[in-house]
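The structure file upload-v9.csv is reproduced below (CSV, N, CA and C atoms and all ligand atoms).
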```
chain,number,residue,atom,x,y,z
W,1,MET,N,-9.9,179.0,-22.7
W,1,MET,CA,-10.5,178.1,-23.7
W,1,MET,C,-11.8,177.4,-23.1
W,2,LYS,N,-12.8,177.4,-23.9
W,2,LYS,CA,-14.1,176.8,-23.4
W,2,LYS,C,-13.9,175.3,-23.4
W,3,LYS,N,-14.4,174.7,-22.4
W,3,LYS,CA,-14.2,173.2,-22.3
W,3,LYS,C,-15.2,172.4,-23.1
W,4,GLY,N,-14.8,171.3,-23.7
W,4,GLY,CA,-15.7,170.4,-24.4
W,4,GLY,C,-16.0,170.7,-25.8
W,5,ILE,N,-15.4,171.8,-26.3
W,5,ILE,CA,-15.7,172.1,-27.7
W,5,ILE,C,-14.4,172.0,-28.6
W,6,HIS,N,-13.3,171.9,-28.0
W,6,HIS,CA,-12.0,171.8,-28.8
W,6,HIS,C,-11.5,170.4,-29.0
W,7,PRO,N,-11.1,170.1,-30.2
W,7,PRO,CA,-10.6,168.7,-30.4
W,7,PRO,C,-9.2,168.6,-29.8
W,8,LYS,N,-8.8,167.4,-29.6
W,8,LYS,CA,-7.5,167.1,-29.0
W,8,LYS,C,-6.4,167.7,-29.9
W,9,TYR,N,-5.4,168.4,-29.3
W,9,TYR,CA,-4.4,169.0,-30.0
W,9,TYR,C,-3.1,168.2,-29.9
W,10,TYR,N,-2.4,167.9,-31.0
W,10,TYR,CA,-1.1,167.2,-31.0
W,10,TYR,C,-0.1,168.2,-31.4
W,11,PRO,N,0.7,168.7,-30.5
W,11,PRO,CA,1.8,169.7,-30.9
W,11,PRO,C,2.9,169.1,-31.7
W,12,GLN,N,3.0,167.7,-31.6
W,12,GLN,CA,4.1,167.0,-32.4
W,12,GLN,C,3.5,166.0,-33.3
W,13,ALA,N,2.5,166.4,-34.2
W,13,ALA,CA,1.9,165.5,-35.1
W,13,ALA,C,3.0,165.1,-36.2
W,14,LYS,N,3.1,163.8,-36.5
W,14,LYS,CA,4.1,163.4,-37.4
W,14,LYS,C,3.5,163.5,-38.8
W,15,VAL,N,4.3,164.1,-39.7
W,15,VAL,CA,3.9,164.2,-41.1
W,15,VAL,C,4.8,163.3,-41.9
W,16,VAL,N,4.2,162.3,-42.6
W,16,VAL,CA,5.0,161.4,-43.4
W,16,VAL,C,4.7,161.6,-44.9
W,17,CYS,N,5.8,161.9,-45.6
W,17,CYS,CA,5.6,162.1,-47.1
W,17,CYS,C,5.9,160.8,-47.9
W,18,ALA,N,5.4,160.8,-49.1
W,18,ALA,CA,5.6,159.6,-49.9
W,18,ALA,C,7.0,159.5,-50.3
W,19,CYS,N,7.8,160.6,-50.2
W,19,CYS,CA,9.2,160.5,-50.6
W,19,CYS,C,10.1,160.0,-49.5
W,20,GLY,N,9.5,159.8,-48.3
W,20,GLY,CA,10.2,159.3,-47.2
W,20,GLY,C,10.6,160.3,-46.1
W,21,ASN,N,10.4,161.6,-46.5
W,21,ASN,CA,10.7,162.7,-45.5
W,21,ASN,C,9.6,162.7,-44.4
W,22,THR,N,10.0,163.0,-43.2
W,22,THR,CA,9.1,163.2,-42.1
W,22,THR,C,9.4,164.5,-41.4
W,23,PHE,N,8.4,165.1,-40.9
W,23,PHE,CA,8.6,166.3,-40.0
W,23,PHE,C,7.4,166.5,-39.1
W,24,TYR,N,7.5,167.4,-38.2
W,24,TYR,CA,6.4,167.5,-37.2
W,24,TYR,C,5.8,168.9,-37.2
W,25,VAL,N,4.4,168.8,-37.1
W,25,VAL,CA,3.7,170.0,-37.0
W,25,VAL,C,2.6,169.9,-35.9
W,26,GLY,N,2.0,171.0,-35.6
W,26,GLY,CA,0.9,170.9,-34.6
W,26,GLY,C,-0.4,170.6,-35.3
W,27,SER,N,-1.1,169.7,-34.8
W,27,SER,CA,-2.4,169.3,-35.5
W,27,SER,C,-3.4,168.6,-34.6
W,28,THR,N,-4.6,168.4,-35.1
W,28,THR,CA,-5.6,167.7,-34.3
W,28,THR,C,-5.6,166.2,-34.6
W,29,VAL,N,-4.8,165.8,-35.5
W,29,VAL,CA,-4.6,164.3,-35.8
W,29,VAL,C,-3.2,164.0,-35.5
W,30,PRO,N,-2.9,162.8,-34.9
W,30,PRO,CA,-1.6,162.4,-34.5
W,30,PRO,C,-0.6,162.2,-35.7
W,31,GLU,N,-1.1,161.7,-36.8
W,31,GLU,CA,-0.2,161.5,-38.0
W,31,GLU,C,-0.9,161.9,-39.3
W,32,ILE,N,-0.1,162.4,-40.2
W,32,ILE,CA,-0.6,162.9,-41.5
W,32,ILE,C,0.2,162.3,-42.6
W,33,GLN,N,-0.5,161.7,-43.6
W,33,GLN,CA,0.2,161.1,-44.7
W,33,GLN,C,0.1,162.1,-45.9
W,34,VAL,N,1.2,162.5,-46.5
W,34,VAL,CA,1.1,163.4,-47.6
W,34,VAL,C,1.8,162.8,-48.8
W,35,ASP,N,1.4,163.3,-50.0
W,35,ASP,CA,2.0,162.8,-51.3
W,35,ASP,C,3.2,163.6,-51.7
W,36,ILE,N,3.3,164.9,-51.2
W,36,ILE,CA,4.4,165.7,-51.6
W,36,ILE,C,4.7,166.7,-50.5
W,37,CYS,N,6.0,167.1,-50.4
W,37,CYS,CA,6.5,168.0,-49.3
W,37,CYS,C,7.5,168.9,-49.9
W,38,SER,N,8.0,169.8,-49.0
W,38,SER,CA,9.0,170.8,-49.5
W,38,SER,C,10.3,170.1,-49.9
W,39,LYS,N,10.5,168.9,-49.5
W,39,LYS,CA,11.8,168.2,-49.9
W,39,LYS,C,11.7,167.6,-51.3
W,40,CYS,N,10.5,167.3,-51.8
W,40,CYS,CA,10.4,166.6,-53.0
W,40,CYS,C,9.5,167.4,-54.1
W,41,HIS,N,8.9,168.5,-53.7
W,41,HIS,CA,8.1,169.2,-54.7
W,41,HIS,C,9.1,169.9,-55.7
W,42,PRO,N,8.7,169.8,-57.0
W,42,PRO,CA,9.5,170.4,-58.1
W,42,PRO,C,9.8,171.9,-57.9
W,43,PHE,N,8.9,172.6,-57.2
W,43,PHE,CA,9.2,174.0,-57.0
W,43,PHE,C,10.4,174.2,-56.1
W,44,PHE,N,10.6,173.3,-55.2
W,44,PHE,CA,11.7,173.5,-54.3
W,44,PHE,C,13.0,172.8,-54.8
W,45,THR,N,12.8,171.6,-55.5
W,45,THR,CA,13.9,170.9,-55.9
W,45,THR,C,14.5,171.4,-57.3
W,46,GLY,N,13.6,172.1,-58.0
W,46,GLY,CA,14.0,172.7,-59.3
W,46,GLY,C,14.1,171.7,-60.4
W,47,GLU,N,13.7,170.5,-60.2
W,47,GLU,CA,13.8,169.5,-61.3
W,47,GLU,C,12.4,169.1,-61.7
W,48,MET,N,12.3,168.8,-63.0
W,48,MET,CA,11.0,168.4,-63.6
W,48,MET,C,10.7,166.9,-63.2
W,49,LYS,N,9.5,166.7,-62.6
W,49,LYS,CA,9.2,165.4,-62.2
W,49,LYS,C,7.7,165.2,-62.2
W,50,TYR,N,7.2,164.1,-62.6
W,50,TYR,CA,5.8,163.8,-62.6
W,50,TYR,C,5.4,163.4,-61.2
W,51,VAL,N,4.4,164.1,-60.6
W,51,VAL,CA,3.8,163.7,-59.4
W,51,VAL,C,2.5,163.0,-59.7
W,52,ASP,N,2.6,161.7,-59.8
W,52,ASP,CA,1.5,160.9,-60.4
W,52,ASP,C,1.0,159.8,-59.5
W,53,THR,N,0.2,160.2,-58.5
W,53,THR,CA,-0.2,159.3,-57.5
W,53,THR,C,-1.5,158.5,-57.9
W,54,MET,N,-2.2,159.1,-58.9
W,54,MET,CA,-3.4,158.5,-59.3
W,54,MET,C,-3.3,157.9,-60.7
W,55,GLY,N,-2.1,157.9,-61.3
W,55,GLY,CA,-1.9,157.2,-62.6
W,55,GLY,C,-2.5,158.1,-63.7
W,56,LYS,N,-2.7,159.4,-63.5
W,56,LYS,CA,-3.3,160.2,-64.5
W,56,LYS,C,-2.4,160.4,-65.8
W,57,VAL,N,-1.1,160.6,-65.5
W,57,VAL,CA,-0.2,160.8,-66.6
W,57,VAL,C,-0.1,159.5,-67.5
W,58,GLU,N,-0.1,158.4,-66.8
W,58,GLU,CA,0.0,157.1,-67.4
W,58,GLU,C,-1.2,156.8,-68.3
W,59,LYS,N,-2.4,157.2,-67.7
W,59,LYS,CA,-3.7,157.0,-68.4
W,59,LYS,C,-3.7,157.9,-69.7
W,60,PHE,N,-3.2,159.1,-69.6
W,60,PHE,CA,-3.2,160.0,-70.7
W,60,PHE,C,-2.3,159.5,-71.8
W,61,GLN,N,-1.1,159.0,-71.4
W,61,GLN,CA,-0.1,158.5,-72.4
W,61,GLN,C,-0.7,157.3,-73.1
W,62,ARG,N,-1.4,156.5,-72.4
W,62,ARG,CA,-2.0,155.3,-72.9
W,62,ARG,C,-3.1,155.7,-74.0
W,63,ARG,N,-3.9,156.7,-73.6
W,63,ARG,CA,-4.9,157.2,-74.5
W,63,ARG,C,-4.3,157.8,-75.8
W,64,MET,N,-3.2,158.5,-75.6
W,64,MET,CA,-2.5,159.1,-76.7
W,64,MET,C,-2.0,158.1,-77.7
W,65,LYS,N,-1.5,157.0,-77.1
W,65,LYS,CA,-1.0,155.9,-78.0
W,65,LYS,C,-2.1,155.3,-78.8
W,66,LEU,N,-3.2,155.1,-78.1
W,66,LEU,CA,-4.4,154.5,-78.8
W,66,LEU,C,-4.9,155.4,-79.9
W,67,ALA,N,-4.9,156.7,-79.6
W,67,ALA,CA,-5.3,157.7,-80.6
W,67,ALA,C,-4.4,157.7,-81.8
W,68,ARG,N,-3.1,157.6,-81.6
W,68,ARG,CA,-2.1,157.5,-82.7
W,68,ARG,C,-2.4,156.3,-83.6
W,69,GLN,N,-2.6,155.1,-82.9
W,69,GLN,CA,-2.8,153.9,-83.6
W,69,GLN,C,-4.1,154.0,-84.5
W,70,PHE,N,-5.1,154.6,-83.9
W,70,PHE,CA,-6.4,154.8,-84.6
W,70,PHE,C,-6.2,155.7,-85.8
W,71,LYS,N,-5.4,156.7,-85.7
W,71,LYS,CA,-5.2,157.7,-86.7
W,71,LYS,C,-4.4,157.0,-87.9
W,72,GLN,N,-3.4,156.1,-87.6
W,72,GLN,CA,-2.7,155.4,-88.6
W,72,GLN,C,-3.6,154.5,-89.3
W,73,LYS,N,-4.4,153.8,-88.6
W,73,LYS,CA,-5.4,152.8,-89.2
W,73,LYS,C,-6.3,153.5,-90.2
W,74,LYS,N,-6.8,154.7,-89.7
W,74,LYS,CA,-7.7,155.4,-90.5
W,74,LYS,C,-7.1,155.9,-91.8
W,75,ALA,N,-5.8,156.4,-91.7
W,75,ALA,CA,-5.1,156.9,-92.8
W,75,ALA,C,-4.9,155.8,-93.9
W,76,LYS,N,-4.7,154.6,-93.4
W,76,LYS,CA,-4.5,153.5,-94.3
W,76,LYS,C,-5.8,153.1,-95.1
W,77,THR,N,-6.9,153.1,-94.3
W,77,THR,CA,-8.1,152.7,-94.9
W,77,THR,C,-8.9,153.8,-95.7
W,78,LYS,N,-8.4,155.0,-95.6
W,78,LYS,CA,-9.0,156.1,-96.2
W,78,LYS,C,-8.9,156.0,-97.8
W,79,LYS,N,-10.1,156.1,-98.4
W,79,LYS,CA,-10.1,156.0,-99.8
W,79,LYS,C,-10.1,157.4,-100.4
W,80,LYS,N,-9.5,157.4,-101.6
W,80,LYS,CA,-9.4,158.7,-102.3
W,80,LYS,C,-10.8,159.0,-103.0
W,81,LYS,N,-11.2,160.2,-102.8
W,81,LYS,CA,-12.5,160.6,-103.4
W,81,LYS,C,-12.3,160.8,-104.9
W,82,PRO,N,-13.3,160.4,-105.7
W,82,PRO,CA,-13.1,160.6,-107.1
W,82,PRO,C,-13.1,162.1,-107.5
W,83,VAL,N,-12.1,162.4,-108.2
W,83,VAL,CA,-11.9,163.8,-108.6
W,83,VAL,C,-12.6,164.2,-109.8
W,84,ILE,N,-13.4,165.2,-109.7
W,84,ILE,CA,-14.2,165.7,-110.9
W,84,ILE,C,-13.3,166.8,-111.5
W,85,GLY,N,-13.0,166.6,-112.7
W,85,GLY,CA,-12.0,167.6,-113.4
W,85,GLY,C,-12.7,169.0,-113.5
W,86,SER,N,-13.8,169.0,-114.3
W,86,SER,CA,-14.4,170.3,-114.5
W,86,SER,C,-15.9,170.2,-114.5
W,87,TYR,N,-16.5,171.4,-114.6
W,87,TYR,CA,-18.0,171.4,-114.5
W,87,TYR,C,-18.6,170.7,-115.7
W,88,LYS,N,-17.9,170.9,-116.9
W,88,LYS,CA,-18.4,170.2,-118.1
W,88,LYS,C,-18.4,168.7,-118.0
W,89,GLU,N,-17.3,168.2,-117.5
W,89,GLU,CA,-17.2,166.8,-117.3
W,89,GLU,C,-18.2,166.2,-116.4
W,90,ALA,N,-18.5,167.0,-115.3
W,90,ALA,CA,-19.5,166.5,-114.3
W,90,ALA,C,-20.9,166.5,-114.9
W,91,ILE,N,-21.2,167.5,-115.8
W,91,ILE,CA,-22.5,167.5,-116.5
W,91,ILE,C,-22.6,166.3,-117.4
W,92,ALA,N,-21.5,166.1,-118.2
W,92,ALA,CA,-21.5,165.0,-119.1
W,92,ALA,C,-21.7,163.6,-118.4
W,93,LYS,N,-21.1,163.5,-117.3
W,93,LYS,CA,-21.2,162.3,-116.5
W,93,LYS,C,-22.6,162.1,-116.1
W,94,LEU,N,-23.2,163.1,-115.5
W,94,LEU,CA,-24.6,163.1,-115.1
W,94,LEU,C,-25.6,162.7,-116.3
W,95,LYS,N,-25.3,163.3,-117.4
W,95,LYS,CA,-26.1,163.1,-118.6
W,95,LYS,C,-26.0,161.6,-119.0
W,96,SER,N,-24.8,161.1,-119.1
W,96,SER,CA,-24.6,159.7,-119.5
W,96,SER,C,-25.3,158.7,-118.5
W,97,LYS,N,-25.3,159.1,-117.3
W,97,LYS,CA,-26.0,158.3,-116.2
W,97,LYS,C,-27.5,158.3,-116.4
W,98,SER,N,-28.0,159.4,-116.7
W,98,SER,CA,-29.5,159.6,-116.8
W,98,SER,C,-30.1,158.9,-118.1
W,99,ARG,N,-29.2,158.7,-119.1
W,99,ARG,CA,-29.7,158.0,-120.3
W,99,ARG,C,-29.9,156.5,-120.2
W,101,ZN,ZN,8.3,164.6,-50.0
```

Once you've parsed the file, please lay out its structure as structure tokens.
Ligand SMILES: [Zn+2]
Amino acid sequence: MKKGIHPKYYPQAKVVCACGNTFYVGSTVPEIQVDICSKCHPFFTGEMKYVDTMGKVEKFQRRMKLARQFKQKKAKTKKKKPVIGSYKEAIAKLKSKSR
């Protein structure tokens, strides 16, 4: 190995997961913080779970709620368009207006 070009190697770098699990790997940093590991990842556990460290799911659900409220409000304030029965009626209406 050439001297002076390799970073310090830690053969027992501690990996700490957000779920509480810890294990050791070889690394150039002494400690690694991870959000997910093989003990808690849905692929390995087989259960459905949100991994939401940045609040993305929460944000999306909040926006969905706002969108629903907006839709309901819009539906309430929506006015019915005047219905024109036939072509003849429409012409008659226009004529009566122009007079
Ligand atoms: Zn984990």

Residues of chain W that approach ligand ZN 101 (chain W) to 6 Å or less, counting only C-alpha atoms and all ligand atoms: could you list each one with the shortest pair of atoms and its distance in Å to one decimal, rows by chain and increasing residue number, as CSV?
```
residue,atom,partner,partner_atom,distance
W:Cys17,CA,W:ZN101,ZN,4.7
W:Ala18,CA,W:ZN101,ZN,5.7
W:Cys19,CA,W:ZN101,ZN,4.2
W:Asn21,CA,W:ZN101,ZN,5.4
W:Ile36,CA,W:ZN101,ZN,4.4
W:Cys37,CA,W:ZN101,ZN,3.9
W:Lys39,CA,W:ZN101,ZN,5.0
W:Cys40,CA,W:ZN101,ZN,4.2
```

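Assigned to strand (DSSP E) in chain W, given DSSP computed from backbone atoms, are Tyr10, Pro11, Gln12, Ala13, Lys14, Val15, Val16, Cys17, Thr22, Phe23, Tyr24, Val25, Gly26, Ser27, Glu31, Ile32, Gln33 and Val34 of chain W.
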
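Shortest atom-to-atom contact with Gly26 of chain W among W:Phe60, W:Tyr10, W:Phe70, W:Tyr87: W:Tyr10, counting only C-alpha atoms.
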
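Atom pair atom CA of Arg62 of chain W / atom CA of Phe44 of chain W: separated by 29.4 Å.
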
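Atom CA of Phe23 of chain W is found 13.5 Å from atom CA of Asp35 of chain W.
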
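Counting from atom CA of Gln12 of chain W, the distance to atom CA of Val34 of chain W is 15.9 Å.
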
### Message
Give me the residues near Lys8 of chain W as a PyMOL selection string, where near means some atom within 6.5 Å (using only N, CA and C atoms) and where sequence neighbours in that chain fewer than 4 positions away do not count.
### Response
chain W and resi 27-29

### Message
Residues near Ile32 of chain W, anyone? I mean within 7 Å using all atoms listed in the file, not counting same-chain ones fewer than 5 positions away, as a list in words.
### Response
Ala13, Lys14, Val15, Val16 and Cys17 of chain W

### Task
Could you tell me, as a list of chain:residue names, which residues of segment 18-56 of chain W DSSP assigns to alpha helix (DSSP H) when given the backbone?
W:Pro42, W:Phe43, W:Phe44, W:Thr45, W:Lys56
